[in-house]
>>> print(open('entry31.csv').read())   # CSV, C-alpha atoms
chain,number,residue,atom,x,y,z
A,1,MET,CA,12.5,120.3,27.9
A,2,LEU,CA,11.8,121.8,24.5
A,3,VAL,CA,15.0,122.8,22.7
A,4,LEU,CA,14.9,125.4,19.9
A,5,THR,CA,17.8,126.8,17.9
A,6,ARG,CA,17.7,130.5,17.3
A,7,LYS,CA,20.0,133.1,15.7
A,8,VAL,CA,20.7,136.6,16.8
A,9,ASN,CA,17.6,138.8,16.4
A,10,GLN,CA,15.4,135.7,16.2
A,11,SER,CA,12.9,135.1,18.9
A,12,ILE,CA,10.5,132.7,20.5
A,13,ILE,CA,6.9,133.4,21.6
A,14,ILE,CA,5.4,131.9,24.7
A,15,ALA,CA,1.7,132.3,24.9
A,16,ASP,CA,-0.6,131.5,27.7
A,17,GLY,CA,-4.2,132.6,27.2
A,18,THR,CA,-4.1,136.3,26.5
A,19,GLU,CA,-0.6,136.7,27.9
A,20,VAL,CA,2.1,136.7,25.2
A,21,VAL,CA,5.8,136.8,26.0
A,22,GLU,CA,8.5,137.2,23.3
A,23,VAL,CA,12.1,136.3,24.1
A,24,VAL,CA,14.6,137.7,21.6
A,25,VAL,CA,18.2,136.7,21.3
A,26,LEU,CA,20.0,140.1,21.1
A,27,ASP,CA,23.6,139.2,21.2
A,28,VAL,CA,26.0,136.2,21.7
A,29,ARG,CA,29.5,136.8,22.9
A,30,GLY,CA,31.4,133.7,23.9
A,31,GLU,CA,29.6,132.2,26.9
A,32,GLN,CA,27.2,135.2,27.3
A,33,VAL,CA,23.9,135.5,25.7
A,34,ARG,CA,21.8,138.7,25.9
A,35,LEU,CA,18.1,138.2,25.8
A,36,GLY,CA,15.4,140.7,25.4
A,37,ILE,CA,12.0,139.9,26.9
A,38,LYS,CA,8.8,141.6,25.7
A,39,ALA,CA,5.9,141.0,28.0
A,40,SER,CA,3.0,142.9,29.5
A,41,ARG,CA,3.6,144.6,32.8
A,42,ASN,CA,1.7,141.7,34.5
A,43,VAL,CA,4.4,139.3,33.8
A,44,ALA,CA,7.3,138.9,36.3
A,45,VAL,CA,10.6,138.1,34.8
A,46,HIS,CA,13.4,137.0,37.1
A,47,ARG,CA,16.9,135.6,36.9
A,48,LYS,CA,16.4,132.1,38.1
A,49,GLU,CA,19.1,132.2,40.9
A,50,ILE,CA,17.5,135.0,42.8
A,51,TYR,CA,14.0,133.5,42.4
A,52,GLU,CA,15.3,130.2,43.8
A,53,GLN,CA,17.1,131.9,46.7
A,54,ILE,CA,13.9,133.6,47.7
A,55,GLN,CA,11.9,130.4,47.4
A,56,THR,CA,14.5,128.6,49.7
A,57,ALA,CA,14.4,131.5,52.1
A,58,ASN,CA,10.6,131.3,52.3
A,59,GLU,CA,10.8,127.6,53.0
A,60,GLN,CA,13.3,128.2,55.9
A,61,ALA,CA,11.2,131.2,57.1
A,62,SER,CA,8.1,129.1,57.3
A,63,GLN,CA,9.8,127.0,60.0
A,64,THR,CA,10.2,129.9,62.4
A,65,SER,CA,8.7,129.3,65.8
A,66,PRO,CA,7.1,132.0,68.0
A,67,SER,CA,9.2,131.0,71.0
A,68,ASP,CA,12.4,132.1,69.2
A,69,ILE,CA,11.3,135.7,68.6
A,70,PRO,CA,13.6,138.2,70.4
A,71,GLU,CA,11.9,140.9,72.5
B,72,MET,CA,-18.4,142.6,60.7
B,73,ASN,CA,-18.7,138.9,60.4
B,74,SER,CA,-16.3,136.9,62.4
B,75,LEU,CA,-14.1,134.4,60.5
B,76,SER,CA,-11.9,131.7,61.8
B,77,CYS,CA,-9.2,129.3,60.9
B,78,SER,CA,-7.0,126.8,62.7
B,79,SER,CA,-3.3,127.2,63.0
B,80,SER,CA,-0.6,124.9,64.4
B,81,ARG,CA,1.2,127.7,66.2
B,82,PHE,CA,-1.7,129.8,67.6
B,83,GLY,CA,-4.6,127.3,67.8
B,84,GLU,CA,-8.0,128.4,66.6
B,85,LEU,CA,-7.9,132.0,65.3
B,86,GLU,CA,-10.9,134.4,65.1
B,87,PHE,CA,-10.6,137.4,62.9
B,88,THR,CA,-12.5,139.7,60.6
B,89,ALA,CA,-12.4,140.2,56.9
B,90,GLU,CA,-10.4,143.4,57.5
B,91,ASP,CA,-7.4,141.3,58.8
B,92,VAL,CA,-7.2,139.1,55.6
B,93,VAL,CA,-4.9,139.8,52.7
B,94,THR,CA,-5.1,138.0,49.4
B,95,VAL,CA,-1.8,137.0,47.7
B,96,PRO,CA,-3.0,136.2,44.1
B,97,ARG,CA,0.3,134.4,43.2
B,98,GLY,CA,1.1,133.1,46.7
B,99,LEU,CA,4.5,133.6,48.2
B,100,LEU,CA,7.3,132.1,46.3
B,101,GLY,CA,7.4,128.3,46.8
B,102,PHE,CA,3.9,128.4,48.3
B,103,PRO,CA,1.6,129.1,45.3
B,104,ASP,CA,-1.4,127.2,46.8
B,105,SER,CA,-1.8,129.4,49.8
B,106,ARG,CA,-3.4,132.6,48.7
B,107,GLU,CA,-5.1,134.0,51.7
B,108,TYR,CA,-3.4,135.1,54.9
B,109,VAL,CA,-4.6,136.7,58.1
B,110,VAL,CA,-2.2,139.3,59.6
B,111,ILE,CA,-1.8,138.8,63.4
B,112,GLU,CA,0.2,140.8,65.9
B,113,HIS,CA,2.9,138.7,67.5
B,114,ARG,CA,2.3,140.5,70.8
B,115,GLU,CA,0.9,143.8,71.8
B,116,GLY,CA,3.5,146.5,71.1
B,117,SER,CA,5.8,144.1,69.2
B,118,PRO,CA,7.0,145.1,65.7
B,119,PHE,CA,6.6,141.5,64.6
B,120,ARG,CA,3.5,140.2,62.8
B,121,TRP,CA,2.5,136.8,61.5
B,122,LEU,CA,1.1,136.0,58.1
B,123,GLN,CA,-0.9,132.9,58.9
B,124,SER,CA,-2.4,131.0,56.0
B,125,THR,CA,-6.1,130.7,56.4
B,126,THR,CA,-6.1,127.4,54.6
B,127,GLU,CA,-2.9,125.7,55.8
B,128,PRO,CA,-2.7,125.5,59.6
B,129,ALA,CA,1.0,124.8,59.6
B,130,LEU,CA,1.9,127.6,57.2
B,131,ALA,CA,2.8,131.0,58.8
B,132,PHE,CA,5.5,133.6,58.2
B,133,LEU,CA,7.0,135.9,60.7
B,134,VAL,CA,7.3,139.4,59.2
B,135,VAL,CA,8.5,142.8,60.4
B,136,ASP,CA,8.5,146.4,59.2
B,137,PRO,CA,12.0,146.5,57.6
B,138,ALA,CA,12.6,150.0,59.0
B,139,THR,CA,12.8,148.3,62.5
B,140,TYR,CA,16.2,147.0,61.5
B,141,VAL,CA,17.1,148.8,58.3
B,142,PRO,CA,16.0,152.4,58.6
B,143,ASP,CA,17.0,153.4,55.1
B,144,TYR,CA,15.4,150.5,53.3
B,145,ALA,CA,13.9,152.0,50.2
B,146,PRO,CA,13.7,149.6,47.3
B,147,ASP,CA,12.2,150.5,43.9
B,148,MET,CA,9.2,148.5,43.2
B,149,PRO,CA,9.3,146.8,39.8
B,150,ASP,CA,6.6,147.6,37.3
B,151,ASP,CA,5.0,144.1,37.3
B,152,ALA,CA,4.6,144.3,41.0
B,153,ALA,CA,3.0,147.7,41.0
B,154,ASN,CA,0.7,146.5,38.3
B,155,GLN,CA,-0.3,143.3,40.0
B,156,LEU,CA,-0.9,145.2,43.2
B,157,GLN,CA,-3.1,147.8,41.4
B,158,VAL,CA,-1.3,150.7,43.1
B,159,ASP,CA,-1.4,154.3,42.2
B,160,ASN,CA,-0.1,157.4,43.9
B,161,GLU,CA,-3.0,157.4,46.4
B,162,THR,CA,-2.7,153.8,47.5
B,163,THR,CA,-1.7,153.0,51.0
B,164,ILE,CA,1.2,150.6,50.9
B,165,LEU,CA,2.6,148.5,53.7
B,166,VAL,CA,6.0,146.7,53.3
B,167,TYR,CA,7.0,143.8,55.3
B,168,THR,CA,10.1,141.7,55.2
B,169,ILE,CA,10.0,138.0,56.0
B,170,VAL,CA,12.0,136.9,59.0
B,171,THR,CA,13.8,133.6,59.5
B,172,ILE,CA,14.9,132.5,62.9
B,173,PRO,CA,16.8,129.2,63.0
B,174,ALA,CA,15.3,127.0,65.7
B,175,GLY,CA,16.8,128.0,69.1
B,176,HIS,CA,19.0,130.7,67.6
B,177,PRO,CA,17.2,134.1,67.8
B,178,GLU,CA,20.6,135.8,67.4
B,179,GLU,CA,20.9,134.4,63.9
B,180,MET,CA,17.7,136.0,62.8
B,181,THR,CA,17.8,137.0,59.1
B,182,LEU,CA,15.5,139.3,57.1
B,183,ASN,CA,14.7,138.7,53.4
B,184,LEU,CA,15.3,142.2,52.1
B,185,ALA,CA,15.4,140.9,48.5
B,186,GLY,CA,11.8,139.6,48.6
B,187,PRO,CA,9.7,142.0,50.5
B,188,VAL,CA,5.9,141.4,50.9
B,189,VAL,CA,4.1,144.5,49.7
B,190,ILE,CA,0.5,145.0,50.7
B,191,ASN,CA,-2.0,147.3,49.0
B,192,CYS,CA,-4.0,148.2,52.2
B,193,ASP,CA,-6.9,149.6,50.2
B,194,ARG,CA,-7.6,146.4,48.4
B,195,GLN,CA,-6.1,144.0,50.9
B,196,LEU,CA,-3.9,142.6,48.2
B,197,ALA,CA,-0.3,141.4,48.7
B,198,PHE,CA,2.5,140.3,46.5
B,199,GLN,CA,6.0,139.1,47.1
B,200,VAL,CA,8.3,141.3,45.1
B,201,VAL,CA,11.6,140.0,43.7
B,202,LEU,CA,14.1,142.8,43.8
B,203,GLN,CA,17.2,142.9,41.6
B,204,ASP,CA,19.1,145.2,43.9
B,205,GLU,CA,22.5,144.2,45.3
B,206,ARG,CA,22.0,146.4,48.4
B,207,TYR,CA,19.3,144.0,49.6
B,208,PRO,CA,20.3,140.4,50.3
B,209,VAL,CA,18.0,137.4,50.8
B,210,LYS,CA,19.6,136.8,54.2
B,211,TYR,CA,20.3,140.0,55.9
B,212,LYS,CA,21.7,139.4,59.4
B,213,ALA,CA,19.5,141.6,61.6
B,214,ILE,CA,21.5,141.3,64.8
B,215,PRO,CA,25.1,142.3,64.5
B,216,ALA,CA,27.5,139.8,66.2
B,217,LYS,CA,28.6,142.3,68.9
B,218,GLN,CA,28.7,140.0,71.8
B,219,GLU,CA,31.1,137.6,70.0
B,220,SER,CA,33.6,140.3,69.3
B,221,ALA,CA,33.3,141.7,72.8
B,222,ALA,CA,34.1,138.3,74.2
B,223,ALA,CA,37.0,137.7,71.9
>>> encode(input="entry31.csv", output="structure tokens")
Amino acid sequence: MLVLTRKVNQSIIIADGTEVVEVVVLDVRGEQVRLGIKASRNVAVHRKEIYEQIQTANEQASQTSPSDIPE
Amino acid sequence: MNSLSCSSSRFGELEFTAEDVVTVPRGLLGFPDSREYVVIEHREGSPFRWLQSTTEPALAFLVVDPATYVPDYAPDMPDDAANQLQVDNETTILVYTIVTIPAGHPEEMTLNLAGPVVINCDRQLAFQVVLQDERYPVKYKAIPAKQESAAA
């Protein structure tokens, strides 16, 4: 993992082809960091927890068998 | 219309037309490699449908119109999803929620209300939307546990 140190109002740029994403550190208070994300409307930004929950739910859903469907 | 076909572990050899196929450009979360699904009715008159991968025979998702179980389901679609799906005000949209049924326990059926599959019917494009809406959980229990409380 790449580790960078940033101060408030500094940012990092993540670029992939024509897609450029900027992540700005807006505020640091104790254990909470507020980030601002500038990206085109094509880019999906998610909190990791919910993203992972949906991934896990999809994996479980893909095991569903036709014989268990209620009528 | 040309007839297409694919094999599936649940339904055997499937024949369908291009109209029945949806493309999921990013795949469903956790399944980025499967980008084409055929939509099949579970049974005539059933609210359930299957999204069967046309390239992975064992990969299929049971889906249902969320209104079947949650009549007031009305999430806001995030901008990135609307953009990916190329929707405008004229587009016909279909929303499905993915269903999980633990093996042998249909009464424990859950609906993923946090990650609906939204289909742009005009372009046959689909996208799994990630909602940040606390009203809509990843595992919504579709069947209330009535019988248990009645027995108690």
>>> interface_residues(input="entry31.csv", of="chain A", to="chain B", cutoff="8 Å", atoms="all atoms listed in the file", output="number ranges by chain")
A: 41-44, 46, 50-51, 53-66, 68-71
>>> atom_distance(input="entry31.csv", atom1="CA of Ser124 (chain B)", atom2="CA of Tyr211 (chain B)")
24.4 Å
>>> atom_distance(input="entry31.csv", atom1="CA of Ile214 (chain B)", atom2="CA of Gly116 (chain B)")
19.8 Å
>>> atom_distance(input="entry31.csv", atom1="CA of Arg6 (chain A)", atom2="CA of Glu49 (chain A)")
23.7 Å
>>> residues_around(input="entry31.csv", residues="Thr88 (chain B)", least_positions_apart="5", cutoff="12 Å", atoms="only C-alpha atoms", output="PyMOL selection string")
chain B and resi 72-77+93+108-111+125
>>> closest_residue(input="entry31.csv", among="A:Ser67, A:Val25, A:Val45, A:Val33", to="Asn9 (chain A)", atoms="all atoms listed in the file")
A:Val25
>>> residues_around(input="entry31.csv", residues="Ser40 (chain A)", least_positions_apart="4", cutoff="8 Å", atoms="only C-alpha atoms", output="NGL selection string")
:A and (19-21)
